[in-house]
file structure-v2.txt (compact mmCIF, C-alpha atoms and all ligand atoms)
# COMPACT_ATOMS: atom_id res chain seq x y z
CA MET A 168 -3.28 16.53 0.47
CA ILE A 169 -3.12 14.38 -2.66
CA GLN A 170 -5.61 11.55 -2.27
CA THR A 171 -6.78 8.76 -4.53
CA VAL A 172 -9.53 6.26 -3.76
CA ILE A 173 -9.77 3.00 -5.65
CA ARG A 174 -13.32 1.71 -5.25
CA ASN A 175 -14.94 -1.72 -5.41
CA ALA A 176 -11.79 -3.62 -6.29
CA ARG A 177 -11.16 -7.25 -5.43
CA VAL A 178 -8.07 -6.46 -3.38
CA PHE A 179 -5.37 -9.08 -2.79
CA CYS A 180 -4.44 -8.40 0.77
CA ARG A 181 -2.90 -10.69 3.44
CA ASN A 182 -3.08 -13.71 1.14
CA GLN A 183 -6.75 -13.40 0.30
CA VAL A 184 -9.08 -11.45 -1.94
CA VAL A 185 -11.38 -8.94 -0.22
CA ILE A 186 -13.80 -6.51 -1.83
CA SER A 187 -12.76 -3.14 -0.56
CA ASP A 188 -11.84 0.47 -1.23
CA VAL A 189 -8.22 1.51 -0.99
CA LEU A 190 -7.21 5.02 0.03
CA ILE A 191 -3.87 6.32 -1.17
CA GLU A 192 -2.31 9.40 0.35
CA ARG A 193 0.96 10.87 -0.91
CA GLY A 194 1.89 7.65 -2.63
CA ILE A 195 1.28 5.44 0.40
CA ILE A 196 -1.57 3.00 1.06
CA ALA A 197 -3.35 4.84 3.86
CA LYS A 198 -6.41 2.63 4.34
CA ILE A 199 -7.90 -0.63 3.13
CA GLY A 200 -11.60 -0.57 4.01
CA SER A 201 -14.55 1.66 3.37
CA VAL A 202 -13.46 5.16 2.44
CA ARG A 203 -15.55 8.35 2.19
CA ALA A 204 -15.54 10.49 -0.93
CA GLY A 205 -12.46 12.57 -1.52
CA GLY A 206 -9.70 13.26 -4.00
CA GLN A 207 -9.36 11.40 -7.26
CA GLU A 208 -11.74 8.45 -7.60
CA ILE A 209 -11.03 5.29 -9.59
CA ASP A 210 -13.87 2.80 -10.07
CA ALA A 211 -12.27 -0.63 -10.23
CA ARG A 212 -15.61 -2.41 -10.77
CA GLY A 213 -14.74 -5.85 -9.47
CA ARG A 214 -11.34 -6.07 -11.13
CA LEU A 215 -8.40 -7.49 -9.19
CA LEU A 216 -6.06 -5.10 -7.40
CA LEU A 217 -2.68 -6.71 -6.89
CA PRO A 218 0.70 -5.52 -5.67
CA GLY A 219 2.94 -4.56 -8.59
CA ALA A 220 5.47 -7.20 -9.59
CA ILE A 221 9.12 -6.92 -8.58
CA ASP A 222 11.36 -8.22 -11.33
CA ALA A 223 14.59 -9.09 -9.54
CA HIS A 224 16.55 -9.76 -12.72
CA VAL A 225 16.76 -7.28 -15.61
CA HIS A 226 19.59 -6.08 -17.85
CA PHE A 227 18.67 -2.54 -18.95
CA ARG A 228 21.93 -2.15 -20.99
CA ASP A 229 22.56 1.58 -20.51
CA LEU A 230 25.18 3.05 -21.03
CA ASP A 231 27.30 1.81 -23.91
CA GLU A 232 24.65 -0.58 -25.22
CA ALA A 233 21.75 1.86 -25.00
CA TYR A 234 20.84 0.97 -28.58
CA LYS A 235 19.64 -2.42 -27.22
CA GLU A 236 17.77 -0.90 -24.26
CA ASP A 237 17.98 2.12 -22.00
CA TRP A 238 16.40 2.87 -18.68
CA TYR A 239 13.45 4.68 -20.27
CA SER A 240 12.51 2.00 -22.82
CA GLY A 241 13.16 -0.84 -20.36
CA SER A 242 11.18 0.77 -17.57
CA CYS A 243 8.25 1.58 -19.90
CA ALA A 244 8.20 -2.13 -20.81
CA ALA A 245 8.17 -2.95 -17.10
CA ALA A 246 5.29 -0.53 -16.41
CA ALA A 247 3.21 -1.88 -19.31
CA GLY A 248 3.67 -5.39 -17.92
CA GLY A 249 2.71 -4.55 -14.32
CA VAL A 250 6.25 -4.47 -12.95
CA THR A 251 6.64 -1.61 -10.47
CA THR A 252 10.21 -2.30 -9.32
CA VAL A 253 13.14 -3.81 -11.23
CA ILE A 254 16.56 -4.90 -10.02
CA ASP A 255 19.22 -4.26 -12.63
CA GLN A 256 22.23 -6.53 -13.06
CA PRO A 257 25.80 -5.24 -13.18
CA ASN A 258 27.07 -6.79 -16.45
CA SER A 259 26.31 -3.62 -18.42
CA LYS A 260 28.99 -1.76 -20.32
CA PRO A 261 30.74 -0.45 -18.28
CA PRO A 262 30.09 -3.04 -15.58
CA VAL A 263 29.08 -1.83 -12.12
CA CYS A 264 32.03 -2.87 -9.97
CA ASP A 265 33.28 0.38 -8.43
CA GLU A 266 31.99 3.69 -7.18
CA ARG A 267 32.47 5.51 -10.48
CA ALA A 268 30.54 2.95 -12.51
CA TYR A 269 27.85 2.81 -9.84
CA PHE A 270 27.31 6.58 -10.01
CA ARG A 271 27.14 6.40 -13.80
CA LYS A 272 24.48 3.69 -13.58
CA GLN A 273 22.58 5.78 -11.03
CA ARG A 274 22.59 8.74 -13.42
CA ALA A 275 21.39 6.60 -16.34
CA ALA A 276 18.64 5.11 -14.17
CA ARG A 277 17.16 8.54 -13.47
CA LYS A 278 15.17 8.07 -16.70
CA SER A 279 13.21 5.17 -15.22
CA VAL A 280 9.42 5.37 -14.87
CA VAL A 281 9.34 2.53 -12.32
CA ASP A 282 11.29 2.09 -9.09
CA TYR A 283 14.58 0.25 -9.23
CA GLY A 284 17.42 -1.36 -7.37
CA ILE A 285 20.97 -1.54 -8.70
CA ASN A 286 23.15 -4.61 -8.20
CA ALA A 287 26.95 -4.55 -8.23
CA GLY A 288 29.49 -7.07 -9.49
CA ILE A 289 32.35 -8.58 -7.51
CA GLU A 290 35.19 -7.93 -9.98
CA LYS A 291 36.86 -5.54 -7.53
CA LEU A 292 36.71 -7.26 -4.17
CA ASP A 293 38.07 -4.26 -2.27
CA GLN A 294 35.08 -2.19 -3.46
CA LEU A 295 32.29 -4.33 -2.02
CA ASP A 296 32.01 -2.51 1.32
CA ASP A 297 31.84 0.90 -0.36
CA LEU A 298 29.31 -0.24 -2.94
CA TRP A 299 27.14 -1.72 -0.20
CA ARG A 300 27.22 1.54 1.78
CA LEU A 301 26.23 3.43 -1.37
CA GLY A 302 22.99 1.46 -1.57
CA VAL A 303 23.39 -1.46 -3.96
CA THR A 304 20.56 -3.97 -3.61
CA ALA A 305 22.63 -7.16 -3.86
CA PHE A 306 25.80 -8.51 -5.47
CA GLY A 307 25.72 -10.34 -8.81
CA GLU A 308 24.54 -12.00 -10.88
CA VAL A 309 28.02 -13.45 -10.76
CA PHE A 310 29.00 -15.83 -13.56
CA VAL A 311 30.35 -18.68 -11.45
CA GLN A 312 32.34 -20.21 -14.26
CA GLU A 313 34.38 -17.03 -14.66
CA LYS A 314 35.44 -16.88 -10.99
CA SER A 315 38.17 -18.72 -9.13
CA ARG A 316 37.44 -20.44 -5.82
CA GLU A 317 39.50 -17.74 -4.08
CA GLU A 318 37.47 -14.93 -5.58
CA LEU A 319 34.18 -16.60 -4.68
CA HIS A 320 35.43 -17.31 -1.18
CA HIS A 321 36.52 -13.74 -0.61
CA ALA A 322 33.27 -12.30 -2.01
CA LEU A 323 31.13 -14.66 0.08
CA GLN A 324 33.01 -13.72 3.26
CA THR A 325 32.46 -10.01 2.68
CA ILE A 326 28.84 -10.54 1.70
CA LYS A 327 28.25 -12.56 4.86
CA ARG A 328 29.71 -9.76 6.99
CA LEU A 329 27.51 -7.19 5.23
CA ASN A 330 24.44 -9.46 5.50
CA ALA A 331 23.93 -8.96 1.76
CA VAL A 332 22.92 -11.53 -0.90
CA LEU A 333 25.11 -12.99 -3.64
CA CYS A 334 23.16 -13.74 -6.84
CA VAL A 335 24.80 -16.42 -8.94
CA HIS A 336 24.57 -17.44 -12.57
CA ALA A 337 25.35 -21.03 -11.63
CA GLU A 338 26.09 -22.67 -14.92
CA ARG A 339 29.11 -24.72 -15.94
CA ARG A 340 29.58 -25.01 -19.66
CA VAL A 341 31.69 -27.49 -21.50
CA GLY A 342 31.20 -26.81 -25.19
CA GLU A 343 27.47 -27.14 -25.87
CA ILE A 344 26.77 -28.90 -22.55
CA SER A 345 25.41 -26.69 -19.81
CA SER A 346 25.19 -28.06 -16.27
CA GLU A 347 23.53 -25.98 -13.67
CA LEU A 348 24.01 -28.57 -10.96
CA ALA A 349 27.80 -28.33 -11.25
CA GLY A 350 27.64 -24.52 -10.94
CA ILE A 351 25.34 -24.63 -7.91
CA LYS A 352 27.54 -27.26 -6.22
CA THR A 353 30.63 -25.10 -6.71
CA VAL A 354 29.07 -22.08 -5.00
CA LEU A 355 27.45 -23.95 -2.15
CA ALA A 356 30.64 -25.91 -1.45
CA CYS A 357 32.55 -22.65 -1.27
CA ASN A 358 29.91 -21.24 1.06
CA LYS A 359 29.75 -24.30 3.32
CA GLU A 360 31.52 -22.72 6.29
CA ILE A 361 30.80 -19.08 5.45
CA ARG A 362 27.01 -19.41 5.15
CA ALA A 363 26.35 -16.17 3.28
CA LYS A 364 22.93 -15.65 1.67
CA VAL A 365 22.96 -17.00 -1.88
CA HIS A 366 20.38 -16.52 -4.61
CA VAL A 367 20.43 -18.82 -7.64
CA SER A 368 19.40 -16.77 -10.66
CA HIS A 369 17.32 -18.36 -13.48
CA LEU A 370 17.27 -21.93 -12.20
CA SER A 371 16.20 -24.12 -15.11
CA GLU A 372 16.86 -27.81 -14.41
CA ALA A 373 15.12 -30.28 -12.14
CA SER A 374 18.47 -31.54 -10.79
CA GLY A 375 19.53 -28.02 -9.77
CA LEU A 376 16.22 -27.46 -8.03
CA ASP A 377 16.54 -30.74 -6.09
CA PHE A 378 19.98 -29.73 -4.90
CA VAL A 379 18.88 -26.26 -3.80
CA ARG A 380 15.87 -27.71 -1.98
CA GLY A 381 18.05 -30.22 -0.19
CA SER A 382 20.61 -27.65 0.97
CA ASP A 383 20.68 -26.48 4.60
CA GLN A 384 22.15 -23.12 3.52
CA ASP A 385 20.22 -19.85 3.20
CA VAL A 386 19.71 -20.22 -0.53
CA SER A 387 16.85 -18.90 -2.63
CA CYS A 388 16.15 -19.37 -6.31
CA GLU A 389 14.27 -17.85 -9.20
CA VAL A 390 12.99 -19.24 -12.49
CA THR A 391 12.31 -17.30 -15.67
CA PRO A 392 9.15 -17.25 -17.79
CA HIS A 393 11.15 -18.59 -20.76
CA HIS A 394 12.10 -21.69 -18.79
CA LEU A 395 8.44 -22.11 -17.80
CA PHE A 396 6.74 -21.36 -21.11
CA LEU A 397 9.28 -22.63 -23.66
CA SER A 398 11.37 -25.77 -24.01
CA ASN A 399 14.14 -27.02 -26.30
CA LEU A 400 11.35 -28.16 -28.64
CA ASP A 401 10.82 -24.45 -29.46
CA GLN A 402 14.48 -23.96 -30.30
CA ALA A 403 14.26 -24.69 -34.03
CA ARG A 404 11.23 -22.43 -34.48
CA LEU A 405 12.87 -19.55 -32.59
CA GLY A 406 16.37 -19.88 -34.02
CA PRO A 407 18.64 -17.14 -32.58
CA PHE A 408 15.65 -15.66 -30.72
CA GLY A 409 15.53 -18.77 -28.53
CA ILE A 410 19.19 -18.61 -27.53
CA MET A 411 19.89 -17.63 -23.95
CA ASN A 412 21.97 -18.78 -20.96
CA PRO A 413 21.02 -21.08 -19.38
CA PRO A 414 19.51 -22.56 -22.56
CA LEU A 415 15.96 -23.82 -23.09
CA ARG A 416 15.60 -27.18 -21.35
CA SER A 417 13.66 -30.40 -21.92
CA ARG A 418 9.90 -30.77 -21.59
CA GLN A 419 10.50 -32.84 -18.43
CA ASP A 420 12.46 -29.99 -16.84
CA VAL A 421 9.67 -27.56 -17.74
CA ASN A 422 7.04 -29.87 -16.22
CA THR A 423 9.11 -30.27 -13.06
CA LEU A 424 9.46 -26.50 -12.68
CA TRP A 425 5.68 -26.08 -12.99
CA SER A 426 4.92 -28.85 -10.53
CA SER A 427 7.54 -27.51 -8.10
CA LEU A 428 6.46 -23.87 -8.02
CA ARG A 429 5.88 -24.12 -4.28
CA TYR A 430 9.61 -24.76 -3.79
CA ILE A 431 10.67 -21.89 -6.03
CA ASP A 432 11.10 -18.51 -4.37
CA MET A 433 10.45 -16.14 -7.23
CA ILE A 434 9.87 -15.70 -10.94
CA ALA A 435 12.08 -13.08 -12.60
CA SER A 436 12.46 -12.29 -16.28
CA ASP A 437 16.22 -12.15 -16.92
CA HIS A 438 15.20 -9.43 -19.39
CA ALA A 439 18.26 -9.49 -21.69
CA PRO A 440 17.40 -7.63 -24.89
CA HIS A 441 19.50 -7.76 -28.06
CA SER A 442 18.57 -6.03 -31.30
CA ILE A 443 17.26 -8.10 -34.22
CA ALA A 444 20.43 -7.25 -36.17
CA ASP A 445 22.60 -8.43 -33.25
CA LYS A 446 20.70 -11.72 -33.17
CA ASN A 447 20.88 -12.32 -36.91
CA ILE A 448 24.57 -13.23 -37.03
CA SER A 449 26.36 -16.60 -37.01
CA PHE A 450 27.09 -16.58 -33.25
CA PRO A 451 24.24 -14.54 -31.77
CA PRO A 452 24.58 -13.21 -28.22
CA PRO A 453 22.48 -15.11 -25.64
CA GLY A 454 19.47 -13.42 -24.11
CA VAL A 455 15.77 -12.70 -24.59
CA PRO A 456 13.57 -9.80 -23.45
CA GLY A 457 10.90 -10.56 -20.85
CA VAL A 458 10.12 -7.78 -18.37
CA GLN A 459 6.87 -6.76 -20.14
CA THR A 460 5.52 -10.30 -20.55
CA LEU A 461 6.57 -11.86 -17.20
CA LEU A 462 3.39 -11.12 -15.28
CA PRO A 463 0.89 -11.08 -18.21
CA LEU A 464 1.87 -14.65 -19.20
CA LEU A 465 1.36 -15.85 -15.64
CA LEU A 466 -1.92 -13.95 -15.18
CA ALA A 467 -3.26 -15.90 -18.17
CA ARG A 468 -2.53 -19.15 -16.30
CA LEU A 469 -4.51 -18.65 -13.13
CA ASP A 470 -5.99 -22.10 -13.76
CA GLN A 471 -2.50 -23.57 -13.19
CA ILE A 472 -1.16 -21.29 -10.49
CA SER A 473 -3.11 -19.87 -7.57
CA LEU A 474 -3.27 -16.12 -7.15
CA GLU A 475 -1.69 -16.49 -3.73
CA ARG A 476 1.30 -18.40 -5.12
CA LEU A 477 1.66 -15.98 -8.01
CA VAL A 478 1.72 -12.87 -5.81
CA ASN A 479 4.25 -14.51 -3.53
CA LEU A 480 6.48 -15.45 -6.46
CA VAL A 481 6.45 -12.07 -8.17
CA SER A 482 5.92 -9.57 -5.36
CA ALA A 483 6.15 -10.64 -1.72
CA THR A 484 9.19 -12.92 -1.82
CA PRO A 485 11.46 -10.73 -4.00
CA ALA A 486 10.67 -7.79 -1.69
CA ALA A 487 11.54 -9.85 1.38
CA ARG A 488 14.66 -11.49 -0.04
CA PHE A 489 16.15 -8.25 -1.33
CA ASN A 490 15.01 -6.18 1.60
CA LEU A 491 12.87 -3.73 -0.38
CA LYS A 492 11.18 -1.82 2.37
CA ASN A 493 7.41 -1.24 2.16
CA LYS A 494 7.09 -3.01 -1.17
CA GLY A 495 5.64 -6.31 -2.38
CA ALA A 496 2.23 -6.29 -0.68
CA ILE A 497 -0.98 -4.31 -0.38
CA ARG A 498 -0.80 -3.22 3.21
CA GLU A 499 -1.43 0.04 5.07
CA GLY A 500 1.81 2.03 5.23
CA TYR A 501 3.25 0.35 2.14
CA ASP A 502 4.03 2.11 -1.14
CA ALA A 503 1.00 2.26 -3.43
CA ASP A 504 2.66 0.11 -6.11
CA LEU A 505 -0.48 -1.45 -7.55
CA ILE A 506 -1.87 -3.03 -10.65
CA LEU A 507 -5.47 -3.41 -11.71
CA VAL A 508 -6.24 -6.59 -13.62
CA ASP A 509 -9.22 -8.04 -15.46
CA PRO A 510 -8.34 -11.76 -15.74
CA ASN A 511 -10.90 -12.15 -18.57
CA ASP A 512 -9.20 -9.53 -20.74
CA ARG A 513 -6.99 -12.03 -22.58
CA LYS A 514 -4.86 -10.85 -25.49
CA ILE A 515 -2.41 -12.40 -27.90
CA ILE A 516 1.11 -10.99 -27.56
CA THR A 517 2.21 -9.09 -30.68
CA PRO A 518 5.44 -7.08 -31.14
CA ASN A 519 3.55 -3.79 -31.61
CA VAL A 520 2.64 -3.63 -27.90
CA LEU A 521 6.26 -3.93 -26.78
CA TYR A 522 8.26 -1.03 -25.37
CA SER A 523 11.65 -2.74 -25.41
CA LYS A 524 13.99 -1.25 -28.00
CA CYS A 525 14.75 -4.76 -29.23
CA GLY A 526 11.24 -4.96 -30.76
CA TRP A 527 10.75 -8.72 -30.55
CA THR A 528 9.70 -11.34 -28.05
CA PRO A 529 10.03 -15.13 -27.95
CA PHE A 530 6.45 -15.13 -26.62
CA GLU A 531 4.80 -13.73 -29.75
CA GLY A 532 1.43 -15.46 -30.19
CA CYS A 533 1.10 -16.48 -26.51
CA VAL A 534 -1.99 -15.54 -24.49
CA ALA A 535 -1.48 -12.82 -21.89
CA VAL A 536 -3.40 -10.62 -19.47
CA PHE A 537 -1.93 -7.14 -19.36
CA PRO A 538 -2.88 -4.87 -16.44
CA SER A 539 -5.45 -2.12 -17.02
CA PHE A 540 -3.17 0.18 -15.11
CA THR A 541 0.12 0.15 -13.24
CA MET A 542 0.61 2.55 -10.36
CA VAL A 543 3.97 3.40 -8.77
CA ARG A 544 3.78 5.20 -5.43
CA GLY A 545 0.24 6.35 -6.11
CA GLU A 546 0.83 7.64 -9.65
CA VAL A 547 -0.64 5.82 -12.67
CA VAL A 548 2.48 5.26 -14.79
CA CYS A 549 0.78 3.18 -17.46
CA SER A 550 -2.89 2.89 -18.39
CA GLU A 551 -4.25 0.53 -21.09
CA GLY A 552 -0.73 0.19 -22.47
CA SER A 553 0.05 3.95 -22.64
CA ILE A 554 2.74 5.55 -20.52
CA LYS A 555 1.29 8.38 -18.42
CA VAL A 556 4.28 9.87 -16.61
CA LYS A 557 7.36 11.77 -17.67
CA LYS A 558 10.79 10.16 -17.75
CA GLY A 559 12.15 9.82 -14.26
CA TRP A 560 9.08 9.12 -12.11
CA GLY A 561 10.88 6.04 -10.80
CA SER A 562 13.17 6.31 -7.84
CA GLN A 563 15.92 4.13 -6.48
CA VAL A 564 15.13 1.65 -3.75
CA CYS A 565 18.41 1.60 -1.91
CA GLY A 566 19.75 -1.51 -0.24
CA ALA A 567 20.00 -2.04 3.50
CA GLY A 568 23.66 -0.91 3.49
CA LEU A 569 22.71 2.71 2.81
CA ARG A 570 19.99 2.63 5.45
CA GLN A 571 22.40 1.19 8.04
CA PHE A 572 25.05 3.73 7.16
CA ASN A 573 22.67 6.68 7.46
CA SER A 574 20.98 5.59 10.63
CA PRO A 575 22.79 6.40 13.87
CA LEU A 576 20.73 3.73 15.62
CA LEU A 577 21.76 0.96 13.30
CA SER A 578 25.30 1.84 12.30
O1 LIG B 601 21.14 -15.20 -21.86
C1 LIG B 601 21.62 -14.41 -21.07
N1 LIG B 601 21.91 -13.14 -21.41
N2 LIG B 601 21.89 -14.84 -19.83
C2 LIG B 601 22.51 -14.06 -18.93
O2 LIG B 601 22.66 -14.48 -17.81
C3 LIG B 601 23.03 -12.72 -19.32
C4 LIG B 601 22.23 -12.19 -20.41
C5 LIG B 601 22.75 -10.91 -21.04
O3 LIG B 601 23.19 -10.03 -20.32
O4 LIG B 601 22.65 -10.79 -22.25
call {"tool": "encode", "arguments": {"input": "structure-v2.txt", "output": "structure tokens"}}
result
Amino acid sequence: MIQTVIRNARVFCRNQVVISDVLIERGIIAKIGSVRAGGQEIDARGRLLLPGAIDAHVHFRDLDEAYKEDWYSGSCAAAAGGVTTVIDQPNSKPPVCDERAYFRKQRAARKSVVDYGINAGIEKLDQLDDLWRLGVTAFGEVFVQEKSREELHHALQTIKRLNAVLCVHAERRVGEISSELAGIKTVLACNKEIRAKVHVSHLSEASGLDFVRGSDQDVSCEVTPHHLFLSNLDQARLGPFGIMNPPLRSRQDVNTLWSSLRYIDMIASDHAPHSIADKNISFPPPGVPGVQTLLPLLLARLDQISLERLVNLVSATPAARFNLKNKGAIREGYDADLILVDPNDRKIITPNVLYSKCGWTPFEGCVAVFPSFTMVRGEVVCSEGSIKVKKGWGSQVCGAGLRQFNSPLLS
């Protein structure tokens, strides 16, 4: 039997820190408590053992834009940043909106070194049932502005019946003006009678947050590190490398997001890499990388955010919202998706530590705490910044649709 014992760690377990050993057997957390000698031993010497982060919003670009990112480079970036599961968005080329494209994405994702979910788009409304049964995690992110009321209505009805989640890029743009509130209102008005589960991706404005909080619908929201750590005051300094959708917001919006973290469900990166050459043109494509820096930036701010809140935002809530079974917490019977952290090991972010093919970050020069190691189902995938597993250690975390379909009890 393959066993690993992590000793003397400060383990974050059931919303508190306890000093304990953790026994891992065949990739699963078998015991939290005192463990006798056996198997591989890791001395954690008082460092923090946390559940790996779940980044519910990445764009890993494979297939036709693999020069920007592919599943290997993107997942190595995730592992180096303490992210043990990613959820990939469907706006790749080709987009994931039918069975064929879904299978192609699945094949590309076999290179991943961390676990992953695959989201599907709603371009082909008659495909949603099939895609759900094949194991997609959720639908979207859907660009609300590009959809008619009828399309949204139809998608929400199907998603309600499937008990899935619709992730929305709720932004209305008129020229340079971007209003999130208008986008959120459109979706929630459409969903008024249907009452499907809705997830607002990369919420960035105080007004949008107020509206989501005031809604009686089953609506969750995420914010990105770039909307927490940067504002429109950084725009001139960053030039094209500070352009993303939704755009950087005012200092007041940033302060409101920080002071409202208890009303925000999760923090996700919206990792959207573009090459330096792609960015250095007159109309650069929107998007910034972020999967590797998401957790390290936050771990350097434990004076501003409690450990409990942080773990809920990056691990427990994404697992619960997207139905990722046995993930998101350190608990007996759960996957051993773990990170070991020394909060005093603070580093300045430099491009040479990055695994993303894009090779840049808007967070260069920021303070960060990178994990000492990242473990996915009991295997150390990254240690002190070096990848330790072969391509393909990651495996797909299928959505509830596949589980329902394959279970005679539930179908
Ligand atoms: O800035 C962005 N870029 N926002 C998105 O929602 C999509 C992303 C991309 O795919 O490049």
call {"tool": "residues_near_ligand", "arguments": {"input": "structure-v2.txt", "ligand": "ligand LIG 601 (chain B)", "cutoff": "10 Å", "atoms": "all atoms listed in the file", "output": "ChimeraX atom specification"}}
result
/A:224-228,256-259,308-310,335-338,368-369,409-414,437-441,452-456
call {"tool": "residues_around", "arguments": {"input": "structure-v2.txt", "residues": "Leu415 in chain A", "least_positions_apart": "3", "cutoff": "12 Å", "atoms": "only C-alpha atoms", "output": "MDAnalysis selection string"}}
result
chainID A and resid 344:345 369:372 390:403 405:412 418:421 453:455 529
call {"tool": "residues_near_point", "arguments": {"input": "structure-v2.txt", "point": "(6.7, -2.6, -30.9)", "cutoff": "12 Å", "atoms": "only C-alpha atoms", "output": "list in words"}}
result
Ser240, Cys243, Ala244, Gln459, Ile516, Thr517, Pro518, Asn519, Val520, Leu521, Tyr522, Ser523, Lys524, Cys525, Gly526, Trp527, Thr528, Glu531 and Gly552 of chain A
call {"tool": "atom_distance", "arguments": {"input": "structure-v2.txt", "atom1": "CA of Lys314 in chain A", "atom2": "CA of Lys446 in chain A"}}
result
27.1 Å
call {"tool": "atom_distance", "arguments": {"input": "structure-v2.txt", "atom1": "CA of Thr541 in chain A", "atom2": "CA of Lys272 in chain A"}}
result
24.6 Å
call {"tool": "axis_aligned_box", "arguments": {"input": "structure-v2.txt", "around": "range 295-307 of chain A", "padding_each_side": "8 Å", "output": "lines of an AutoDock Vina configuration file"}}
result
center_x = 26.4
center_y = -3.5
center_z = -3.5
size_x = 27.7
size_y = 29.8
size_z = 26.6
call {"tool": "atom_distance", "arguments": {"input": "structure-v2.txt", "atom1": "CA of Leu355 in chain A", "atom2": "CA of Ala268 in chain A"}}
result
29.0 Å
call {"tool": "residues_around", "arguments": {"input": "structure-v2.txt", "residues": "Arg300 in chain A", "least_positions_apart": "5", "cutoff": "9 Å", "atoms": "all atoms listed in the file", "output": "tab-separated table (two decimals) with C-alpha atoms, keeping the file's coordinate frame"}}
result
chain	number	residue	atom	x	y	z
A	295	LEU	CA	32.29	-4.33	-2.02
A	566	GLY	CA	19.75	-1.51	-0.24
A	567	ALA	CA	20.00	-2.04	3.50
A	568	GLY	CA	23.66	-0.91	3.49
A	569	LEU	CA	22.71	2.71	2.81
A	570	ARG	CA	19.99	2.63	5.45
A	571	GLN	CA	22.40	1.19	8.04
A	572	PHE	CA	25.05	3.73	7.16
A	573	ASN	CA	22.67	6.68	7.46
call {"tool": "residues_around", "arguments": {"input": "structure-v2.txt", "residues": "range 282-288 of chain A", "least_positions_apart": "2", "cutoff": "6 Å", "atoms": "only C-alpha atoms", "output": "JSON, numbers by chain"}}
result
{"A": [252, 253, 254, 255, 256, 257, 263, 264, 290, 303, 304, 305, 306, 307, 561, 562, 563, 564]}
call {"tool": "closest_residue", "arguments": {"input": "structure-v2.txt", "among": "A:Glu266, A:Gly342, A:Arg544, A:Asp237", "to": "Gly500 in chain A", "atoms": "only C-alpha atoms"}}
result
A:Arg544
call {"tool": "closest_atom_pairs", "arguments": {"input": "structure-v2.txt", "of": "range 431-488 of chain A", "to": "range 198-216 of chain A", "cutoff": "12 Å", "atoms": "all atoms listed in the file", "output": "JSON lines"}}
result
{"residue": "A:Leu466", "atom": "CA", "partner": "A:Leu215", "partner_atom": "CA", "distance": 10.9}
{"residue": "A:Leu474", "atom": "CA", "partner": "A:Leu215", "partner_atom": "CA", "distance": 10.2}
{"residue": "A:Val478", "atom": "CA", "partner": "A:Leu216", "partner_atom": "CA", "distance": 11.1}
call {"tool": "closest_residue", "arguments": {"input": "structure-v2.txt", "among": "A:Glu318, A:Asp432, A:Glu551, A:Glu475", "to": "Arg488 in chain A", "atoms": "only C-alpha atoms"}}
result
A:Asp432
call {"tool": "closest_residue", "arguments": {"input": "structure-v2.txt", "among": "A:Leu333, A:Phe270, A:Val185, A:Leu376", "to": "Leu348 in chain A", "atoms": "all atoms listed in the file"}}
result
A:Leu376
call {"tool": "residues_near_point", "arguments": {"input": "structure-v2.txt", "point": "(36.5, -18.6, -5.5)", "cutoff": "12 Å", "atoms": "all atoms listed in the file", "output": "VMD selection string"}}
result
chain A and resid 289 to 290 292 309 to 324 350 353 to 358
call {"tool": "closest_residue", "arguments": {"input": "structure-v2.txt", "among": "A:Ser449, A:Arg339, A:Ala486, A:Ala373", "to": "Ser426 in chain A", "atoms": "only C-alpha atoms"}}
result
A:Ala373
call {"tool": "closest_residue", "arguments": {"input": "structure-v2.txt", "among": "A:Val250, A:Ile169, A:Ile472, A:Val341", "to": "Ser436 in chain A", "atoms": "only C-alpha atoms"}}
result
A:Val250
call {"tool": "closest_residue", "arguments": {"input": "structure-v2.txt", "among": "A:Gly249, A:Gln471, A:Pro218, A:Asp445", "to": "Asn182 in chain A", "atoms": "all atoms listed in the file"}}
result
A:Pro218
call {"tool": "residues_around", "arguments": {"input": "structure-v2.txt", "residues": "Arg277 in chain A", "least_positions_apart": "3", "cutoff": "7 Å", "atoms": "all atoms listed in the file", "output": "ChimeraX atom specification"}}
result
/A:273-274,559
call {"tool": "residues_around", "arguments": {"input": "structure-v2.txt", "residues": "range 506-509 of chain A", "least_positions_apart": "3", "cutoff": "12 Å", "atoms": "all atoms listed in the file", "output": "MDAnalysis selection string"}}
result
chainID A and resid 173:179 209:221 245:251 462:463 466:467 469 474 478 482 495:497 503 512:514 535:551
